[in-house]
Amino acid sequence: MKSANLYSSPSKAWYKENFRRFWVLPLLEFLALFLINILPIILNYSKFENVSDYTETTMSGCNVANIFVFCAVSIVISASVFSYIHGVASSTMIHSMPITRRKLFRASFFSGLIMLIVPVILTSLLFMVVSGAHISPEAVKMHTDSSNYDIITLKAVCIWILESSVMAAFVYAMSNLAGILAGNRLIHVLLAMFINGLPFVLLELVQIYESNFLFGYPDGENLLAFSYVSPVSMAAGKCGQAGYLDIYSYLIYVAVIVAVTLLTSWLYTRIKLERERSACVFPIVSDIVCILLTFICMSLLSLLITSSISETDNGLIQRIPFIVVCIASSVFIYMICRMIADGTTKIFSKVNLKKFGIYVIVVAVFFVFTIFDITGYQQRVPQASKIASVTIESNYAVQSRIHLSSGESVSDVVSLQNAILSEYKNQDFGSASNGESEASDVLSIKYELKSGKTMRRSYTLPDYTGKNGNVKTTKAFKKLYRSTEFSNENLFDTSKTAIKALAEVSLENTYTSNSEVEASEETLISRKDCYGLLKAMNKDLLTMDFNDARTIFINNYDYTSVNLYSNNKDSDESKVSCFYLNKFTKNTIRYLKATGYLDQQ
Amino acid sequence: MIRIQKLSKTFDRTPVLTDLNMTIQTGSIYGLIGVNGAGKTTLIKNMSGMLRGDGGSITYDGESIWENDMLKQSIGLIPDDLYFPNGYSLRDMRSVYSGFYENWNDDRFHQLTELFKLDEKAKIRTFSKGMKKQAAFCLVMATMPAYLLLDEPIDGLDPIVRKLVWKAIVDDVADRRMSVLVSSHNLKEMEGICDYIGILSHGRMLMERELDSVKNDLHKIQISYGKNKPEQDAFAGLDVLRRESRGTVDLMIVKGRIDHIEKAIRATDPVIFDILPLSLEEIFIYELGGEDDEISKLIF
């Protein structure tokens with residue numbers, strides 16, 4: 001007798017089997033999410049202010065623990081639902097069953113995806129349940145606006161579901177691709193981690209190479225690319241933006257997930273199952289991974305060694321020692337990678353030698369474009385006529401950024417950059433150590449060109465004394481510093497709007513040898529006194545010259561300071577300016593004493 | 001009917017199957033013989049649709065097996081390496097198979113598990129190797145396959161269980177005209193069960209014959225004339241594959257119809273004339289024309 005009621009369909013049967021075998025994984029994911037996100041709120045249900053910052057971090061998607069859980073569970077679920085491919089017996093049994101590879105892949109993929117997303121949805125439901133958490137009566141007394149604690153809103157929860165699901169699905173899709181390319185379970189997991197981490201590692205390596213070999217390459221140049229390369233980095237960089245969603249980026253991520261999944265499905269219909277048990281099912285993948293892994297390990301090792309033994313005064317690495325170390329480490333690391341890929345120590349053959357030759361060519365091309373600067377990056381200076389405006393960051397300025405747009409100022413900045421490059425080329429930079437305390441400046445220049453493009457440079461410059469070198473640079477910088485626009489931009493904005501935008505102004509004490517300006521502790525400046533304070537500070541700034549600014553910069557550790565914050569004080573990003581109190585700031589000191597912030601002496 | 005034409009398969013440039021041709025008639029049992037590494041398992045994996053040949057074709061009643069899920073509903077495979085998910089019982093496996101195969105027969109399954117005295121609730125990991133084979137047999141046979149592929153199925157089974165397994169297979173062949181391919185490295189095991197025998201060596205089919213016709217075609221004859229040996233050669237006109245003289249007694253392997261052979265020999269009035277039984281391995285040795293290493297290795 002046929003038992004038709006037991007038959008569903010092969011796809012449904014496979015869904016059922018995956019859920020039956022791997023139900024523990026979504027359960028563990030849910031428990032982890034509960035412990036990380038919900039439990040802290042439950043424990044502080046009537047004192048929500050204790051966990052409000054933490055909850056905001058979570059709702060904005062940049063909770064590191066959550067990110068780790070999503071990444072780890074995605075890889076584990078992928079390795080589980082596709083584990084049958086890597087076993088001889090399981091592969092034989094499953095692939096001889098009445099189901100095509102395409103349907104098998106689809107059933108495996110979606111069953112894993114469901115197991116991944118369901119805990120996210122359940123957690124979000126719990127978020128709505130605990131959204132009624134409220135602040136304590138004491139907190140109500142201190143803060144007039146309790147809407148600051150309206151963090152768990154329906155909108156924020158919906159965005160959290162979307163961001164978390166896309167992040168998990170992205171890592172999952174990449175891990176599935178790794179699983180189809182890999183020949184065994186261990187390589188599946190390792191390759192999944194490799195593929196997911198590769199964009200970050202490569203971007204970071206490019207950043208490291210450029211900043212160590214190209215004079216003027218600014219830190220964080222690839223930051224934008226870094227944050228967009230994956231929903232993981234997008235979420236990690238989104239702190240403090242709960243309730244905000246970059247919808248276009250997420251649409252692109254979803255498109256990437258779909259494309260990668262379709263590619264994986266196509267590859268799955270073509271893999272030769274007899275190659276399972278090798279490291280990679282497609283030999284060319286094995287070769288590519290060997291090359292990439294060798295490059296990454298070689299770079300890290302060589303940079304580490306040569307940065308400690310052959311760094312120039314500008315913080316750059318010397319090329320020749322670096323290349324020598326690269327060659328030696330490449331051979332060694334490639335041999336190890338090859339042994340792992342081939343599963344044998346017998347790797348010395350013409351074929352492998354040819355493959356190593358390909359690696360050498362790839363690295364040589366990379367070096368030509370990075371450390372040898374074939375594109376002329378270092379010497380590139382825009383024409384003043386093509387510049388709309390320029391922003392300067394320097395330790396010599398009080399303001400964190402000086403924005404200049406007049407023709408004269410722009411020309412001064414271009415002249416400054418030309419001077420820097422000229423003295424660098426002629427190696428006319430003096431040593432930073434000249435008997436006085438080190439005062440090397442990190443000068444950042446950001447050009448906004450009329451074409452709409454942006455050009456950034458960052459230079460670590462020795463002290464501007466004009467002694468033992470850097471004569472032109474010092475002269476050019478002094479000219480810029482003394483220009484009218486620079487001086488005006490260096491002043492504090494005393495308008496009502498600007499003062500209202502300040503989150504906090506405080507007097508912060510550091511250890512100081514100057515008892516005249518020693519404050520007892522951190523002292524908040526009342527908003528009504530801000531205007532007068534800023535006016536006094538501006539008066540002092542107008543009387544300071546370049547040498548005064550240098551003296552302040554060298555000894556800033558010894559000063560009490562007035563600090564102005566625009567946003568959350570606890571975040572360094574929000575700090576606007578730091579004004580040091582010293583012998584050059586008599587007006588400011590007088591004002592602070594008159595208003596009682598400093599002791600009268 | 002299962003037809004394999006010019007099937008070739010290489011593993012990383014090593015040829016495993018080369019231009020293989022094979023035909024399995026509907027309702028017959030085909031014994032595939034070959035030493036270790038001959039390509040039997042690879043052939044079966046290709047026939048089950050798990051692997052894809054690099055050349056040639058495999059068809060079941062004209063339909064190609066590759067990525068054909070409807071056709072696979074009619075194919076049952078018991079591989080040499082069995083797979084049961086960790087922690088699964090026979091009952092759990094029943095659930096898996098019944099979900100995949102629309103022809104699943106629950107009564108048949110219970111009947112077979114009772115026959116082999118297997119506990120459906122026990123975890124399969126507690127079964128012995130032989131019991132696992134029996135479990136796999138119960139599951140596959142309950143899917144009521146039209147084509148059954150068995151890769152060394154009776155390894156690890158005791159003689160009684162072997163008889164039960166063969167009986168169940170033969171019954172299905174007779175009742176449902178199921179087509180069976182059985183692979184083995186032991187020619188003796190196949191004798192008495194298979195309708196056809198194919199010998200695989202280094203990925204090539206050395207020989208493929210219907211057993212009955214081979215047995216009817218080859219005879220071992222013992223003959224003696226005493227002192228009165230006839231002048232003419234009594235065996236002129238007969239296809240003598242092998243002749244061995246031991247004194248006045250000749251031992252011969254003759255190919256042809258037995259009535260013709262008997263008539264020709266009796267006409268020479270021998271003192272002794274006996275037709276002796278011929279074993280399967282002797283048949284194949286002589287068919288292949290002498291001491292063939294491959295066949296010799298198969299005899300044990």
# chains A, B, ... in the order shown; residues from 1 in each chain; ligands from 1
call {"tool": "interface_residues", "arguments": {"of": "chain B", "to": "chain A", "cutoff": "6 Å", "atoms": "only C-alpha atoms", "output": "list in words"}}
result
Ser48, Gly49, Met50, Glu67, Asp69, Lys72, Gln73, Asp81, Leu82, Tyr83, Ser98, Gly99, Phe100, Glu102, Asn103, Trp104, Asn105 and Asp106 of chain B
call {"tool": "select_by_dssp", "arguments": {"residues": "range 243-422 of chain A", "states": "strand (DSSP E or B)", "output": "list of chain:residue names"}}
result
A:Glu276, A:Ser278, A:Cys280, A:Glu311, A:Ile317, A:Ile387, A:Ala388, A:Ser389, A:Val390, A:Thr391, A:Ile392, A:Glu393, A:Gln399, A:Ile402, A:His403, A:Leu404
call {"tool": "residues_around", "arguments": {"residues": "range 33-43 of chain B", "least_positions_apart": "4", "cutoff": "10 Å", "atoms": "only C-alpha atoms", "output": "PyMOL selection string"}}
result
(chain A and resi 274) or (chain B and resi 4+7-10+15-18+20+47-48+50-53+79-80+150-152+182-187+190+197-208+294-295+297-298)
call {"tool": "residues_around", "arguments": {"residues": "Gln383 in chain A", "least_positions_apart": "3", "cutoff": "10 Å", "atoms": "only C-alpha atoms", "output": "NGL selection string"}}
result
:A and (380 or 386-387 or 410-411 or 414 or 449)
call {"tool": "select_by_dssp", "arguments": {"residues": "range 84-146 of chain B", "states": "alpha helix (DSSP H)", "output": "short mmCIF file (atom, residue, chain, number, x, y, z; two decimals) with N, CA, C and O atoms, in the first residue's frame"}}
result
data_model
loop_
_atom_site.label_atom_id
_atom_site.label_comp_id
_atom_site.auth_asym_id
_atom_site.auth_seq_id
_atom_site.Cartn_x
_atom_site.Cartn_y
_atom_site.Cartn_z
N LEU B 90 15.67 4.41 12.92
CA LEU B 90 15.10 3.91 11.67
C LEU B 90 13.77 4.61 11.38
O LEU B 90 13.41 4.89 10.24
N ARG B 91 13.07 4.91 12.44
CA ARG B 91 11.80 5.63 12.29
C ARG B 91 12.05 7.03 11.71
O ARG B 91 11.29 7.51 10.86
N ASP B 92 13.09 7.68 12.18
CA ASP B 92 13.43 9.03 11.65
C ASP B 92 13.80 8.92 10.17
O ASP B 92 13.43 9.76 9.36
N MET B 93 14.54 7.89 9.84
CA MET B 93 14.93 7.71 8.43
C MET B 93 13.72 7.40 7.56
O MET B 93 13.65 7.82 6.41
N ARG B 94 12.79 6.67 8.12
CA ARG B 94 11.53 6.40 7.42
C ARG B 94 10.85 7.72 7.07
O ARG B 94 10.33 7.90 5.97
N SER B 95 10.87 8.63 8.01
CA SER B 95 10.26 9.95 7.79
C SER B 95 10.97 10.68 6.65
O SER B 95 10.34 11.33 5.81
N VAL B 96 12.30 10.55 6.60
CA VAL B 96 13.06 11.22 5.53
C VAL B 96 12.70 10.62 4.18
O VAL B 96 12.33 11.34 3.25
N TYR B 97 12.79 9.29 4.10
CA TYR B 97 12.55 8.65 2.81
C TYR B 97 11.11 8.81 2.34
O TYR B 97 10.86 9.02 1.15
N SER B 98 10.19 8.71 3.28
CA SER B 98 8.78 8.81 2.88
C SER B 98 8.45 10.22 2.38
O SER B 98 7.57 10.40 1.55
N GLY B 99 9.20 11.21 2.89
CA GLY B 99 8.98 12.57 2.41
C GLY B 99 9.53 12.78 1.01
O GLY B 99 9.03 13.59 0.24
N PHE B 100 10.60 12.05 0.69
CA PHE B 100 11.25 12.24 -0.61
C PHE B 100 10.61 11.44 -1.73
O PHE B 100 10.55 11.87 -2.87
N ASP B 106 4.69 2.04 3.21
CA ASP B 106 4.91 1.87 4.65
C ASP B 106 4.77 0.43 5.08
O ASP B 106 5.51 -0.05 5.95
N ASP B 107 3.81 -0.29 4.49
CA ASP B 107 3.60 -1.70 4.86
C ASP B 107 4.83 -2.51 4.52
O ASP B 107 5.27 -3.37 5.31
N ARG B 108 5.37 -2.23 3.35
CA ARG B 108 6.56 -2.95 2.90
C ARG B 108 7.72 -2.70 3.86
O ARG B 108 8.47 -3.61 4.22
N PHE B 109 7.83 -1.47 4.29
CA PHE B 109 8.91 -1.10 5.21
C PHE B 109 8.81 -1.88 6.50
O PHE B 109 9.78 -2.49 6.96
N HIS B 110 7.60 -1.89 7.09
CA HIS B 110 7.42 -2.60 8.37
C HIS B 110 7.63 -4.09 8.20
O HIS B 110 8.17 -4.78 9.07
N GLN B 111 7.18 -4.57 7.04
CA GLN B 111 7.33 -6.01 6.76
C GLN B 111 8.82 -6.38 6.75
O GLN B 111 9.22 -7.39 7.33
N LEU B 112 9.62 -5.56 6.10
CA LEU B 112 11.05 -5.87 5.99
C LEU B 112 11.76 -5.70 7.34
O LEU B 112 12.64 -6.50 7.69
N THR B 113 11.38 -4.65 8.09
CA THR B 113 12.05 -4.47 9.39
C THR B 113 11.72 -5.62 10.34
O THR B 113 12.56 -6.04 11.13
N GLU B 114 10.51 -6.16 10.21
CA GLU B 114 10.16 -7.31 11.03
C GLU B 114 10.92 -8.55 10.57
O GLU B 114 11.38 -9.35 11.37
N LEU B 115 11.06 -8.65 9.26
CA LEU B 115 11.78 -9.80 8.70
C LEU B 115 13.22 -9.82 9.21
O LEU B 115 13.75 -10.88 9.56
N LYS B 129 27.53 -3.13 11.57
CA LYS B 129 27.68 -2.83 10.14
C LYS B 129 26.63 -3.57 9.32
O LYS B 129 25.99 -3.00 8.41
N GLY B 130 26.44 -4.83 9.65
CA GLY B 130 25.47 -5.64 8.93
C GLY B 130 24.05 -5.14 9.13
O GLY B 130 23.25 -5.08 8.19
N MET B 131 23.74 -4.72 10.35
CA MET B 131 22.40 -4.21 10.64
C MET B 131 22.15 -2.91 9.90
O MET B 131 21.03 -2.64 9.45
N LYS B 132 23.18 -2.11 9.76
CA LYS B 132 23.03 -0.86 9.01
C LYS B 132 22.71 -1.16 7.54
O LYS B 132 21.90 -0.48 6.92
N LYS B 133 23.37 -2.17 7.02
CA LYS B 133 23.08 -2.56 5.64
C LYS B 133 21.62 -3.01 5.51
O LYS B 133 20.95 -2.70 4.54
N GLN B 134 21.18 -3.79 6.50
CA GLN B 134 19.81 -4.24 6.48
C GLN B 134 18.85 -3.06 6.57
O GLN B 134 17.81 -3.03 5.89
N ALA B 135 19.19 -2.11 7.42
CA ALA B 135 18.34 -0.92 7.57
C ALA B 135 18.24 -0.18 6.23
O ALA B 135 17.16 0.23 5.81
N ALA B 136 19.41 0.00 5.60
CA ALA B 136 19.42 0.68 4.30
C ALA B 136 18.59 -0.08 3.28
O ALA B 136 17.85 0.50 2.48
N PHE B 137 18.68 -1.39 3.33
CA PHE B 137 17.93 -2.24 2.42
C PHE B 137 16.42 -2.05 2.62
O PHE B 137 15.66 -1.90 1.65
N CYS B 138 15.99 -2.05 3.88
CA CYS B 138 14.56 -1.86 4.18
C CYS B 138 14.06 -0.52 3.65
O CYS B 138 12.99 -0.43 3.05
N LEU B 139 14.85 0.51 3.88
CA LEU B 139 14.43 1.86 3.47
C LEU B 139 14.33 1.95 1.95
O LEU B 139 13.35 2.46 1.40
N VAL B 140 15.35 1.44 1.27
CA VAL B 140 15.36 1.58 -0.19
C VAL B 140 14.29 0.72 -0.84
O VAL B 140 13.60 1.16 -1.76
N MET B 141 14.13 -0.49 -0.34
CA MET B 141 13.14 -1.38 -0.96
C MET B 141 11.72 -0.85 -0.73
O MET B 141 10.83 -1.10 -1.56
#
call {"tool": "residues_around", "arguments": {"residues": "range 368-373 of chain A", "least_positions_apart": "4", "cutoff": "12 Å", "atoms": "only C-alpha atoms", "output": "list of chain:residue names"}}
result
A:Leu205, A:Val206, A:Gln207, A:Ile208, A:Tyr209, A:Glu210, A:Ser211, A:Asn212, A:Phe213, A:Leu214, A:Phe215, A:Gly216, A:Tyr217, A:Leu316, A:Ile317, A:Gln318, A:Arg319, A:Ile320, A:Phe322, A:Ile323, A:Ile361, A:Val362, A:Val363, A:Ala364, A:Tyr377, A:Gln378, A:Gln379, A:Arg380
